[in-house]
Amino acid sequence: MSLSGKKILIAISGGIAAYKIHFLIRDFVKKGAKVQVIMTPDAEHFVTKLSISTLSKNPVYSDFYSHNGTWNSHVEMALWADVMVVAPCTAGTLSKMVHGLCDNLVIATYMSAKCPVFIAPAMDLDMYAHPSTTRNLELAESFGHHIIPAESGELASGLIGQGRMAEPETIAKSIEDFFDSETEKTLAGKTVLITAGPTYEAIDPVRFIGNHSSGKMGFSLAEQAAKRGAKVILISGPSAQKINNENVELHKVTSAKEMLSKVLEFYDTTDIGIASAAVADYAPKEIAKEKIKKNDENLTIELVKNPDILKTMGEKKTHQFLVGFALETQNEEENAKGKLEKKNLDMIVLNSLRDEGAGFKNDTNKIKIFTKTGKTEFDLKSKEEVAKDILDFVEEQLLK
Ligand code: PMT
């Protein structure tokens, strides 16, 4: 999610597609964006300020003055925004935008904005196909605005064809892609290998030994490294996380042994290795061929040590920069420093289950980073922000 902390100004104009904006706002807010909504007077026929302000968590304005006499500064809102999204953008609003017909708050705000502007047109079939719309969209593009084309389908009039506003997911993706493209490609040319998620060690065909890792930390690291231009080899144990980035090659494995063999396949070409997986330290010595029946009161399963993937990476290290994680519940710092040394790492990221919001499953984490010479502490943050901190730290160390 690249929208965390981003300031998004949404302008709604009066079209039936305005109802879809609720989903877009909810998505932006969920992804950590700050959302300010303005609307044309006509938009109020289609959506209410109450529903929009509830979702955006901010007051919604459609006029220069509120009832209590306060001025809703179009200039302030325009300069506040990192991007402005006009959705739905009717034929009328589009025309006013490109010809400077400034007769409402939306147009005044648009004309004061210095940020990138995204336009999601929505109108009926023949209006969308009309040469004046085509010309106005071309004009908007010539101003450097981003057009999110209308889609084809059944329109409110009953006609079928192009004119439906792009779906909220499509609009959101355009905005996210835009912010991603702005990220500096500080890891271009580097291959980053990341282990993520839990491992499952089979007991019999239906049972396994596993742990609570969701894969969120590892997938966030993969996403952020890819955004910085790295080629990412993501080797994950069973996890429900998804990733959709052309720079990420995802390899799914189940057990620690499978994870190790996948890691070794790519290790020689790795520049930066990050082991965020929660690997099971032990696995059953034998895997029962059939489901174990519950005939006895007690069941003893003999466990044998799994390979230590990160330690193996440390032993085979030639040019790689190696980052380990330490998940601790006691003597945290001492244990983390021990692992840094024993596994021949360049740095280790400590997260403690004693810190609320840190470790498994949460969307947040709280970390300390240790190198051979120092320690840096970070606040509780989203895993996306934690991933950025870790990569910033790696980049700093590589420059030394
Ligand atoms: O997936 P999430 O729900 O987002 O949770 C994230 C996390 C808590 C799993 C993650 O932040 C984390 O701490 N990962 C490391 C968990 C762990 O197994 O820590 P450890 O202290 O037991 O292991 C030390 C290091 O050796 C780790 O980098 C681990 O990946 C690695 N290791 C451990 C054992 C083993 N057999 N092979 C390994 O490579």
# chains A, B, ... in the order shown; residues from 1 in each chain; ligands from 1
call {"tool": "residues_near_ligand", "arguments": {"ligand": "ligand 1", "cutoff": "7 Å", "atoms": "only C-alpha atoms and all ligand atoms", "output": "PyMOL selection string"}}
result
chain A and resi 195-198+212-218+256+275-281+306-311+324-328+339+350-351+359-362
call {"tool": "select_by_dssp", "arguments": {"residues": "stretch 140-250 of chain A", "states": "helix (DSSP H, G or I)", "output": "ChimeraX atom specification"}}
result
/A:140-142,168-182,216-227
call {"tool": "select_by_dssp", "arguments": {"residues": "stretch 259-324 of chain A", "states": "strand (DSSP E or B)", "output": "JSON, numbers by chain"}}
result
{"A": [272, 273, 274, 275, 278, 282, 283, 284, 303, 304, 305, 321, 322, 323, 324]}
call {"tool": "residues_around", "arguments": {"residues": "A:Pro88", "least_positions_apart": "6", "cutoff": "12 Å", "atoms": "only C-alpha atoms", "output": "ChimeraX atom specification"}}
result
/A:10-22,24,38-40,42-43,46-47,94,118-123,147-150,163-168,171
call {"tool": "residues_around", "arguments": {"residues": "A:Glu384", "least_positions_apart": "2", "cutoff": "12 Å", "atoms": "only C-alpha atoms", "output": "JSON, numbers by chain"}}
result
{"A": [1, 2, 3, 4, 5, 31, 32, 216, 217, 218, 219, 220, 221, 222, 223, 224, 225, 227, 362, 363, 364, 365, 366, 380, 381, 382, 386, 387, 388, 389, 390, 391]}
